[in-house]
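Here's structure_5.cif, which has mmCIF, C-alpha atoms and all ligand atoms:
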data_query
loop_
_atom_site.label_atom_id
_atom_site.label_comp_id
_atom_site.auth_asym_id
_atom_site.auth_seq_id
_atom_site.Cartn_x
_atom_site.Cartn_y
_atom_site.Cartn_z
CA MET A 1 -37.37 -141.15 44.48
CA GLY A 2 -35.07 -138.13 44.54
CA LYS A 3 -36.24 -134.59 44.83
CA ILE A 4 -37.17 -133.34 41.38
CA TYR A 5 -39.81 -130.65 41.02
CA GLU A 6 -42.24 -130.68 38.11
CA SER A 7 -43.14 -126.98 37.86
CA ILE A 8 -42.07 -123.60 39.25
CA SER A 9 -45.29 -123.50 41.27
CA GLU A 10 -43.83 -126.27 43.43
CA LEU A 11 -40.81 -124.11 44.23
CA VAL A 12 -42.83 -121.36 45.89
CA GLY A 13 -42.59 -120.74 49.64
CA ARG A 14 -40.66 -122.40 52.47
CA THR A 15 -38.27 -119.43 52.43
CA PRO A 16 -35.60 -119.27 55.14
CA LEU A 17 -35.38 -117.13 58.27
CA LEU A 18 -31.94 -115.62 58.79
CA HIS A 19 -30.75 -114.21 62.11
CA LEU A 20 -29.24 -110.80 61.27
CA GLN A 21 -26.44 -111.08 63.76
CA GLN A 22 -24.06 -108.52 62.26
CA TYR A 23 -26.77 -105.89 61.77
CA GLU A 24 -27.77 -106.38 65.42
CA LYS A 25 -24.13 -105.95 66.47
CA LYS A 26 -23.68 -102.81 64.39
CA TYR A 27 -26.48 -101.13 66.35
CA GLY A 28 -25.94 -102.91 69.67
CA LEU A 29 -29.51 -104.19 69.56
CA LYS A 30 -30.84 -106.07 72.55
CA ALA A 31 -33.65 -107.79 70.65
CA SER A 32 -33.18 -110.44 67.94
CA ILE A 33 -34.10 -109.77 64.32
CA TYR A 34 -34.87 -112.71 62.03
CA ALA A 35 -35.30 -111.89 58.34
CA LYS A 36 -37.67 -113.91 56.18
CA LEU A 37 -35.86 -113.96 52.86
CA GLU A 38 -38.60 -113.95 50.27
CA TYR A 39 -36.12 -113.66 47.42
CA TYR A 40 -35.69 -117.42 47.79
CA ASN A 41 -38.94 -117.80 45.86
CA PRO A 42 -38.48 -118.96 42.21
CA ASN A 43 -38.87 -115.45 40.82
CA GLN A 44 -37.32 -113.67 43.75
CA SER A 45 -40.24 -112.21 45.65
CA SER A 46 -43.05 -112.91 48.09
CA LYS A 47 -45.45 -112.25 45.24
CA ASP A 48 -44.69 -115.65 43.68
CA ARG A 49 -46.91 -116.99 46.45
CA ILE A 50 -49.98 -115.02 45.46
CA ALA A 51 -49.36 -115.34 41.71
CA THR A 52 -49.37 -119.13 42.02
CA ALA A 53 -52.36 -119.17 44.38
CA MET A 54 -54.52 -116.78 42.36
CA ILE A 55 -53.89 -118.63 39.08
CA SER A 56 -54.54 -122.07 40.64
CA ASP A 57 -57.74 -120.75 42.18
CA ALA A 58 -58.94 -119.33 38.84
CA GLU A 59 -58.21 -122.73 37.23
CA LYS A 60 -60.08 -124.61 39.94
CA ARG A 61 -63.09 -122.36 39.48
CA GLY A 62 -62.98 -122.92 35.69
CA LYS A 63 -62.32 -119.24 34.97
CA ILE A 64 -59.28 -119.75 32.72
CA LYS A 65 -57.94 -122.30 30.25
CA PRO A 66 -54.57 -122.44 28.46
CA GLY A 67 -54.36 -119.83 25.72
CA ASP A 68 -56.36 -117.28 27.74
CA THR A 69 -54.88 -113.93 28.74
CA ILE A 70 -54.37 -113.12 32.41
CA LEU A 71 -54.33 -109.45 33.42
CA GLU A 72 -52.77 -107.95 36.55
CA MET A 73 -51.98 -104.48 37.93
CA THR A 74 -48.84 -104.23 39.98
CA SER A 75 -45.78 -102.44 41.27
CA GLY A 76 -43.91 -105.25 39.54
CA ASN A 77 -43.36 -108.30 41.67
CA THR A 78 -46.87 -109.71 41.31
CA GLY A 79 -46.60 -109.11 37.58
CA ILE A 80 -43.31 -110.98 37.37
CA GLY A 81 -44.73 -113.90 39.34
CA VAL A 82 -47.89 -113.95 37.23
CA ALA A 83 -46.01 -113.74 33.91
CA ALA A 84 -43.74 -116.63 34.97
CA VAL A 85 -46.53 -118.93 36.19
CA ALA A 86 -48.65 -117.98 33.16
CA ALA A 87 -45.77 -118.90 30.83
CA SER A 88 -45.27 -122.24 32.55
CA LYS A 89 -48.97 -123.12 32.23
CA GLY A 90 -49.65 -121.89 28.71
CA TYR A 91 -51.46 -118.62 29.46
CA LYS A 92 -50.68 -115.21 28.02
CA SER A 93 -50.12 -112.34 30.43
CA LYS A 94 -50.80 -108.63 30.21
CA ILE A 95 -49.34 -106.60 33.05
CA TYR A 96 -49.96 -102.97 33.97
CA LEU A 97 -47.13 -101.51 36.04
CA GLU A 98 -46.75 -98.38 38.14
CA ASP A 99 -44.87 -95.87 36.01
CA ASP A 100 -41.75 -95.29 38.05
CA VAL A 101 -40.74 -98.81 39.05
CA SER A 102 -37.36 -100.27 38.07
CA GLU A 103 -36.67 -101.26 34.48
CA GLU A 104 -35.78 -104.79 35.59
CA ARG A 105 -39.45 -105.36 36.33
CA PHE A 106 -40.51 -104.58 32.75
CA GLN A 107 -37.65 -106.64 31.32
CA SER A 108 -38.41 -109.67 33.49
CA ILE A 109 -42.10 -109.71 32.54
CA ARG A 110 -41.23 -109.44 28.86
CA ALA A 111 -38.67 -112.24 29.24
CA PHE A 112 -41.57 -114.49 30.28
CA GLY A 113 -43.48 -113.44 27.16
CA GLY A 114 -45.76 -111.03 29.02
CA GLU A 115 -47.00 -107.74 27.64
CA THR A 116 -46.13 -104.68 29.77
CA LEU A 117 -48.06 -101.42 29.96
CA ARG A 118 -47.64 -98.34 32.15
CA PHE A 119 -50.52 -97.07 34.29
CA GLY A 120 -49.88 -93.49 33.22
CA GLU A 121 -50.18 -94.36 29.53
CA ASP A 122 -53.63 -95.90 29.94
CA PRO A 123 -56.25 -93.16 29.45
CA VAL A 124 -58.61 -94.47 32.15
CA ILE A 125 -56.11 -95.57 34.80
CA GLY A 126 -53.74 -92.64 34.26
CA GLU A 127 -56.53 -90.08 34.58
CA ALA A 128 -58.03 -91.81 37.64
CA LEU A 129 -54.65 -91.90 39.39
CA ARG A 130 -54.10 -88.23 38.71
CA GLU A 131 -57.54 -87.16 39.95
CA SER A 132 -57.34 -89.33 43.10
CA GLY A 133 -53.79 -88.37 44.12
CA ASN A 134 -52.43 -91.80 43.16
CA ASN A 135 -55.06 -94.04 44.73
CA PHE A 136 -54.80 -97.44 43.08
CA VAL A 137 -57.99 -98.93 44.47
CA TYR A 138 -59.96 -96.05 42.96
CA ALA A 139 -58.11 -96.20 39.62
CA ILE A 140 -58.48 -99.94 39.25
CA GLN A 141 -62.19 -99.79 40.10
CA LYS A 142 -62.64 -97.21 37.37
CA TYR A 143 -60.82 -99.44 34.89
CA LYS A 144 -63.05 -102.36 35.88
CA ASP A 145 -66.20 -100.28 35.44
CA GLU A 146 -65.25 -98.53 32.23
CA VAL A 147 -63.12 -101.11 30.41
CA LEU A 148 -63.21 -104.63 31.85
CA SER A 149 -66.98 -104.78 32.26
CA LYS A 150 -67.21 -104.52 28.46
CA THR A 151 -64.80 -107.31 27.48
CA ASN A 152 -64.23 -111.03 28.02
CA ASP A 153 -60.80 -110.99 26.39
CA VAL A 154 -58.82 -111.07 29.62
CA TYR A 155 -59.13 -112.57 33.10
CA PHE A 156 -58.22 -110.03 35.79
CA LEU A 157 -56.62 -111.59 38.87
CA ASP A 158 -57.10 -108.38 40.89
CA GLN A 159 -54.70 -108.90 43.81
CA ASP A 160 -56.27 -106.07 45.83
CA HIS A 161 -59.62 -107.86 45.90
CA ASN A 162 -58.60 -111.49 45.52
CA ASP A 163 -59.14 -113.59 48.69
CA GLU A 164 -56.22 -115.81 47.68
CA ASN A 165 -53.84 -112.91 48.38
CA MET A 166 -54.45 -112.81 52.13
CA GLY A 167 -55.35 -116.52 52.04
CA ILE A 168 -52.05 -117.86 50.76
CA HIS A 169 -50.11 -115.89 53.38
CA GLU A 170 -52.39 -117.32 56.06
CA ARG A 171 -51.82 -120.84 54.70
CA THR A 172 -48.07 -120.58 54.05
CA THR A 173 -46.12 -117.48 55.21
CA GLY A 174 -47.65 -117.42 58.70
CA PRO A 175 -47.20 -121.16 59.36
CA GLU A 176 -43.62 -121.09 58.02
CA ILE A 177 -42.72 -118.29 60.46
CA TRP A 178 -44.42 -120.11 63.33
CA GLU A 179 -42.67 -123.41 62.57
CA ASP A 180 -39.22 -121.95 61.94
CA THR A 181 -39.28 -119.95 65.19
CA GLU A 182 -40.95 -122.84 67.04
CA GLY A 183 -43.49 -120.29 68.18
CA ASP A 184 -40.83 -118.12 69.79
CA ILE A 185 -41.79 -114.84 68.12
CA ASP A 186 -42.98 -111.62 69.73
CA ILE A 187 -43.22 -109.13 66.87
CA LEU A 188 -43.93 -109.40 63.12
CA VAL A 189 -42.79 -106.49 60.93
CA ALA A 190 -43.82 -106.23 57.27
CA GLY A 191 -44.40 -103.55 54.67
CA ILE A 192 -47.90 -102.99 53.31
CA GLY A 193 -48.80 -102.68 49.63
CA THR A 194 -51.90 -104.73 49.03
CA GLY A 195 -51.62 -105.69 52.70
CA GLY A 196 -51.89 -109.40 51.87
CA THR A 197 -48.63 -110.43 53.52
CA ILE A 198 -49.27 -108.82 56.88
CA SER A 199 -52.99 -109.54 56.98
CA GLY A 200 -52.68 -113.26 56.16
CA SER A 201 -49.57 -114.12 58.13
CA GLY A 202 -50.61 -111.80 60.98
CA LYS A 203 -53.99 -113.52 61.20
CA TYR A 204 -52.38 -116.96 61.44
CA LEU A 205 -49.80 -115.87 64.00
CA LYS A 206 -52.33 -114.07 66.21
CA LYS A 207 -54.48 -117.19 66.23
CA LYS A 208 -51.47 -119.11 67.51
CA LYS A 209 -50.41 -116.50 70.07
CA ASP A 210 -52.72 -113.56 70.61
CA ASP A 211 -50.14 -111.18 72.07
CA ILE A 212 -47.85 -111.17 69.02
CA ARG A 213 -47.48 -107.55 67.94
CA ILE A 214 -48.09 -106.85 64.28
CA VAL A 215 -46.20 -103.86 62.91
CA ALA A 216 -47.05 -102.47 59.47
CA VAL A 217 -44.49 -100.42 57.57
CA GLN A 218 -45.51 -97.71 55.15
CA PRO A 219 -43.83 -94.76 53.41
CA GLY A 220 -43.23 -91.70 55.59
CA LEU A 221 -44.99 -88.37 55.08
CA ASN A 222 -42.27 -87.07 52.75
CA SER A 223 -42.12 -90.27 50.72
CA ARG A 224 -45.73 -90.42 49.48
CA LYS A 225 -46.83 -89.37 46.04
CA ASN A 226 -50.00 -87.28 46.19
CA LEU A 227 -51.73 -84.44 44.38
CA GLU A 228 -49.36 -81.78 45.78
CA HIS A 229 -46.21 -83.89 45.46
CA PRO A 230 -46.54 -86.10 42.38
CA ASP A 231 -42.76 -86.43 41.93
CA VAL A 232 -41.55 -87.58 45.35
CA GLU A 233 -39.48 -90.74 45.40
CA GLY A 234 -41.61 -93.40 47.05
CA ILE A 235 -40.79 -96.92 48.21
CA THR A 236 -41.70 -99.37 45.47
CA GLY A 237 -44.34 -101.86 46.59
CA ILE A 238 -45.60 -100.17 49.76
CA HIS A 239 -48.27 -97.56 50.33
CA ALA A 240 -49.75 -95.60 53.23
CA LEU A 241 -53.02 -97.38 53.93
CA ASP A 242 -53.96 -96.13 57.39
CA ILE A 243 -54.85 -92.67 56.06
CA LEU A 244 -57.26 -93.82 53.38
CA PRO A 245 -61.04 -93.63 53.53
CA GLU A 246 -62.40 -97.14 54.10
CA GLU A 247 -63.66 -97.61 50.54
CA ARG A 248 -60.18 -97.00 49.16
CA VAL A 249 -58.33 -99.54 51.29
CA PRO A 250 -57.58 -102.76 49.34
CA HIS A 251 -59.80 -105.66 50.46
CA SER A 252 -56.60 -107.67 50.88
CA MET A 253 -55.69 -105.42 53.84
CA ASN A 254 -57.11 -106.05 57.30
CA LEU A 255 -56.25 -102.84 59.12
CA SER A 256 -57.58 -104.17 62.42
CA ILE A 257 -54.86 -106.84 62.62
CA VAL A 258 -52.19 -104.13 62.90
CA ASP A 259 -51.00 -103.01 66.36
CA GLU A 260 -48.72 -100.27 65.11
CA PHE A 261 -47.98 -98.42 61.87
CA ILE A 262 -44.43 -97.19 61.35
CA ASN A 263 -43.73 -94.57 58.69
CA VAL A 264 -40.32 -94.85 57.04
CA GLU A 265 -38.82 -92.26 54.72
CA THR A 266 -37.23 -93.38 51.45
CA GLN A 267 -33.75 -92.21 52.46
CA ASP A 268 -33.80 -94.22 55.71
CA ALA A 269 -35.01 -97.26 53.75
CA LYS A 270 -32.14 -96.85 51.27
CA ILE A 271 -29.55 -96.61 54.02
CA ALA A 272 -30.86 -99.75 55.74
CA THR A 273 -30.90 -101.62 52.40
CA ARG A 274 -27.23 -100.72 51.84
CA GLU A 275 -26.27 -101.55 55.40
CA ILE A 276 -27.68 -105.06 55.39
CA ALA A 277 -25.75 -105.84 52.21
CA LYS A 278 -22.54 -104.84 53.98
CA THR A 279 -23.24 -106.31 57.43
CA ASP A 280 -24.87 -109.65 56.62
CA GLY A 281 -24.35 -110.09 52.86
CA ILE A 282 -28.03 -109.80 52.05
CA LEU A 283 -29.01 -108.04 48.80
CA VAL A 284 -32.64 -106.97 49.04
CA GLY A 285 -34.98 -104.33 47.62
CA LEU A 286 -35.97 -100.93 48.96
CA SER A 287 -39.14 -102.02 50.75
CA SER A 288 -37.02 -104.63 52.57
CA GLY A 289 -34.79 -101.80 53.76
CA ALA A 290 -37.89 -99.94 54.99
CA ALA A 291 -39.08 -103.01 56.90
CA LEU A 292 -35.63 -103.58 58.35
CA TYR A 293 -35.35 -99.95 59.49
CA ALA A 294 -38.71 -100.31 61.26
CA ALA A 295 -37.59 -103.60 62.83
CA ARG A 296 -34.54 -101.79 64.20
CA LEU A 297 -36.76 -99.07 65.70
CA GLU A 298 -38.76 -101.82 67.42
CA ALA A 299 -35.56 -103.54 68.60
CA GLU A 300 -34.30 -100.29 70.12
CA LYS A 301 -37.36 -99.82 72.34
CA PRO A 302 -36.43 -100.63 75.95
CA GLU A 303 -39.63 -102.65 76.43
CA ASN A 304 -38.57 -104.94 73.57
CA GLU A 305 -35.26 -106.01 75.10
CA GLY A 306 -34.79 -109.77 74.67
CA LYS A 307 -37.70 -110.06 72.23
CA LYS A 308 -37.76 -111.93 68.92
CA ILE A 309 -38.67 -109.91 65.86
CA VAL A 310 -39.43 -111.45 62.47
CA VAL A 311 -39.16 -109.04 59.54
CA VAL A 312 -40.37 -109.94 56.06
CA LEU A 313 -37.94 -108.90 53.28
CA PRO A 314 -40.09 -109.13 50.12
CA ASP A 315 -37.68 -109.12 47.18
CA SER A 316 -34.15 -109.18 45.78
CA GLY A 317 -31.81 -106.23 45.38
CA LEU A 318 -30.92 -107.55 41.93
CA ARG A 319 -34.25 -106.10 40.81
CA TYR A 320 -32.93 -102.57 41.63
CA LEU A 321 -29.46 -102.51 40.12
CA SER A 322 -30.53 -100.04 37.42
CA THR A 323 -31.66 -97.57 40.12
CA ASP A 324 -29.49 -95.56 42.51
CA LEU A 325 -30.37 -97.87 45.42
CA PHE A 326 -26.83 -99.14 45.84
CA GLU A 327 -25.11 -96.10 44.33
CA ASP A 328 -25.82 -93.04 46.50
CA ARG A 329 -23.11 -92.59 49.03
CA GLU A 330 -24.10 -89.40 50.81
CA GLU A 331 -24.55 -91.06 54.19
CA GLU A 332 -21.00 -92.38 54.32
N1 LIG B 401 -42.51 -104.82 48.93
C1 LIG B 401 -42.53 -105.04 47.62
C2 LIG B 401 -41.26 -104.84 46.84
C3 LIG B 401 -43.71 -105.42 46.99
O1 LIG B 401 -43.72 -105.65 45.67
C4 LIG B 401 -44.88 -105.55 47.77
C5 LIG B 401 -46.17 -105.89 47.09
N2 LIG B 401 -46.73 -104.76 46.45
C6 LIG B 401 -44.82 -105.31 49.14
C7 LIG B 401 -43.61 -104.95 49.69
C8 LIG B 401 -46.04 -105.39 50.03
O2 LIG B 401 -46.61 -106.66 50.10
P1 LIG B 401 -48.19 -106.80 50.25
O3 LIG B 401 -48.79 -106.41 48.92
O4 LIG B 401 -48.42 -108.23 50.55
O5 LIG B 401 -48.64 -105.89 51.32
#
Write out the structure in this file as structure tokens.
Ligand code: PMP
Amino acid sequence: MGKIYESISELVGRTPLLHLQQYEKKYGLKASIYAKLEYYNPNQSSKDRIATAMISDAEKRGKIKPGDTILEMTSGNTGIGVAAVAASKGYKSKIYLEDDVSEERFQSIRAFGGETLRFGEDPVIGEALRESGNNFVYAIQKYKDEVLSKTNDVYFLDQDHNDENMGIHERTTGPEIWEDTEGDIDILVAGIGTGGTISGSGKYLKKKKDDIRIVAVQPGLNSRKNLEHPDVEGITGIHALDILPEERVPHSMNLSIVDEFINVETQDAKIATREIAKTDGILVGLSSGAALYAARLEAEKPENEGKKIVVVLPDSGLRYLSTDLFEDREEE
């Protein structure tokens, strides 16, 4: 039998690790950086993993049947993955997105037949985000209490509280990294949004080798939306989680697995995103640039000379062409 897949769910995962040789040369780095290219997933992001896992899990538990509507709240990639898997399995999808994410995200979800809504336009979520300084865990909890508890019309996947988020990264992303490096890895670098990627793969890798350092990447102090600065340009998909009170950290994030948090400003993330396109021919999104910038900082530390760093690049740059990500030229 040849190799013919029967559904997009079978195409998820087993993404490649690429040695960023030219980027290393550009900076004269003495550590190796291997990029896990999550845009090789069927809908171009790491979130295809959790979308597939959360929907399969809901099916196994008898929570959904074809024709039902699946709801998710997202910075975009999870929504795209969910809308695609939902389409392929006969579910409807309704996706709330953060207000300022790229237009491609809305268009992709609608292409799969999904309904898109903006957080800010929803009276409950919008108000809760404003009063909490943009805390999603708080806003989503409010929506659950005030809206979802009164309806059975939709099934909410709830990536921030769904065990399959961390779980699928522990079962797939972590083992893939371990196998592809043959265990020769010293540092894992990944951005944190829900925290599922780093918590699941970090847990697996630490079980294999307890001295692997886990480095979490989050937006820098000047790149975080909050009550005083609601208009700052953030980094789509990642959030500062180490500063939150415990009850506002997503359950998908295990803070204790992290050895170091690195804050990256949006402008540094943009520059790294543009550089990697030019050095190694890799077109990735802004949070990938943030993770890469942090990986470079790790590679430049004298104590990391000769070490092997794996950095997770979550999505494709094609999802950002309508933004200025590849247009600003002030650093050149
Ligand atoms: N980058 C992008 C572009 C994302 O969409 C996400 C998910 N929100 C992340 C990084 C962070 O991944 P995780 O939610 O697994 O922490």
*asked:* One number please: CA of Leu244 in chain A to CA of Ser201 in chain A, in Å, one decimal.
replied: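 CA of Ser201 in chain A lies at a distance of 22.2 Å from CA of Leu244 in chain A.
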*asked:* At a cut-off of 6 Å, using all atoms listed in the file, what residues contact range 158-171 of chain A? Leave out same-chain residues fewer than 4 positions from it and give the result as a ChimeraX atom specification.
replied: /A:50,54,194,196-197,200-201,204,250-252
Output file for the selection above: C-alpha atoms, as a tab-separated table (two decimals), in the coordinates of the input:
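Final file, result-v8.tsv:
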chain	number	residue	atom	x	y	z
A	50	ILE	CA	-49.98	-115.02	45.46
A	54	MET	CA	-54.52	-116.78	42.36
A	194	THR	CA	-51.90	-104.73	49.03
A	196	GLY	CA	-51.89	-109.40	51.87
A	197	THR	CA	-48.63	-110.43	53.52
A	200	GLY	CA	-52.68	-113.26	56.16
A	201	SER	CA	-49.57	-114.12	58.13
A	204	TYR	CA	-52.38	-116.96	61.44
A	250	PRO	CA	-57.58	-102.76	49.34
A	251	HIS	CA	-59.80	-105.66	50.46
A	252	SER	CA	-56.60	-107.67	50.88
*Which residue gives the smallest distance to Ser32 in chain A among A:Glu176, A:Glu98, A:Glu305, A:Asp315, with all atoms listed in the file counted?*
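Smallest distance to Ser32 in chain A is found for A:Glu305.
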_Please list as a PyMOL selection string every residue within 10 Å of range 11-19 of chain A, counting all atoms listed in the file and excluding residues in the same chain fewer than 2 positions away._
chain A and resi 5-9+21-24+32-53+168-169+172-173+175-177+180-181+280+282+309-313
*Closest of A:Gly234, A:Pro245, A:Gly220, A:Gly62 to ligand LIG 401 (chain B) - atom-to-atom distances counting only C-alpha atoms and all ligand atoms*: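 Once distances to ligand LIG 401 (chain B) are computed over only C-alpha atoms and all ligand atoms, the minimum belongs to A:Gly234.
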Quick one: which chain A residues come within 6 Å of ligand LIG 401 (chain B), and what is the nearest atom pair for each with the distance in Å to one decimal, counting only C-alpha atoms and all ligand atoms, rows ordered by chain and ascending number, as JSON lines?
{"residue": "A:Ser75", "atom": "CA", "partner": "B:LIG401", "partner_atom": "N2", "distance": 5.8}
{"residue": "A:Asn77", "atom": "CA", "partner": "B:LIG401", "partner_atom": "O1", "distance": 4.8}
{"residue": "A:Gly191", "atom": "CA", "partner": "B:LIG401", "partner_atom": "C7", "distance": 5.2}
{"residue": "A:Ile192", "atom": "CA", "partner": "B:LIG401", "partner_atom": "O5", "distance": 3.6}
{"residue": "A:Gly193", "atom": "CA", "partner": "B:LIG401", "partner_atom": "O5", "distance": 3.6}
{"residue": "A:Thr194", "atom": "CA", "partner": "B:LIG401", "partner_atom": "O3", "distance": 3.5}
{"residue": "A:Gly195", "atom": "CA", "partner": "B:LIG401", "partner_atom": "O5", "distance": 3.3}
{"residue": "A:Gly196", "atom": "CA", "partner": "B:LIG401", "partner_atom": "O4", "distance": 3.9}
{"residue": "A:Thr197", "atom": "CA", "partner": "B:LIG401", "partner_atom": "O4", "distance": 3.7}
{"residue": "A:Thr236", "atom": "CA", "partner": "B:LIG401", "partner_atom": "C2", "distance": 5.7}
{"residue": "A:Gly237", "atom": "CA", "partner": "B:LIG401", "partner_atom": "C3", "distance": 3.6}
{"residue": "A:Ile238", "atom": "CA", "partner": "B:LIG401", "partner_atom": "C7", "distance": 5.2}
{"residue": "A:Ser287", "atom": "CA", "partner": "B:LIG401", "partner_atom": "N1", "distance": 4.7}
{"residue": "A:Pro314", "atom": "CA", "partner": "B:LIG401", "partner_atom": "N1", "distance": 5.1}
{"residue": "A:Asp315", "atom": "CA", "partner": "B:LIG401", "partner_atom": "C2", "distance": 5.6}
*Just give me the gap between CA of Lys94 in chain A and CA of Tyr320 in chain A in Å, one decimal is fine.*
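That distance, rounded to one decimal, is 22.1 Å.
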_Point-to-point distance from CA of Leu297 in chain A to CA of Lys270 in chain A, Å rounded to tenths_ = 15.3 Å
*Rank nothing, just name the residue among A:Tyr27, A:Phe156, A:Trp178, A:Phe136 nearest to Ala272 in chain A, using all atoms listed in the file.*
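Of all the options, A:Tyr27 lies closest to Ala272 in chain A.
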*Using only C-alpha atoms: which of A:Leu157, A:Leu292, A:Lys278, A:Gly202 has the shortest distance to Gln218 in chain A*: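 Checking each of A:Leu157, A:Leu292, A:Lys278, A:Gly202 against Gln218 in chain A, counting only C-alpha atoms, the winner is A:Leu292.
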*Looking at all atoms listed in the file, which of A:Leu205, A:Leu221, A:Ala139, A:Ala84 is the one that sits closest to Glu265 in chain A?*
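That would be A:Leu221, the residue with the smallest distance to Glu265 in chain A.
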*Smallest atom-to-atom distance to Arg274 in chain A: which of A:Glu127, A:Glu327, A:Glu72, A:Glu115, using all atoms listed in the file?*
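Comparing A:Glu127, A:Glu327, A:Glu72, A:Glu115 against Arg274 in chain A, the winner is A:Glu327.
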Centre and edge lengths of an axis-aligned box around all listed atoms of range 273-283 of chain A, with 4 Å added on each side, are to be given in Å to one decimal, as AutoDock Vina command-line options.
--center_x -26.7 --center_y -105.4 --center_z 53.1 --size_x 16.4 --size_y 17.4 --size_z 16.6
*Would you list the residues near (-43.1, -106.6, 61.1) (no more than 7 Å away, in the coordinates of the file, using all atoms listed in the file) as a ChimeraX atom specification?*
/A:187-190,214-216,291,295,310-312
*Excluding Met73 in chain A and any residue of its chain fewer than 3 positions from it, enumerate the residues within 7 Å of it, using all atoms listed in the file, and give them as a list in words.*
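Residues meeting the cut-off are Ile95, Tyr96 and Leu97 of chain A.
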*May I have the residues within 10 Å of range 225-230 of chain A as a ChimeraX atom specification, using all atoms listed in the file and disregarding those fewer than 5 positions away in the same chain?*
/A:129-135,219,235,239-240
_9 Å contact set for Gly67 in chain A, all atoms listed in the file, chain neighbours under 4 positions out, as a VMD selection string_ = chain A and resid 90 to 92
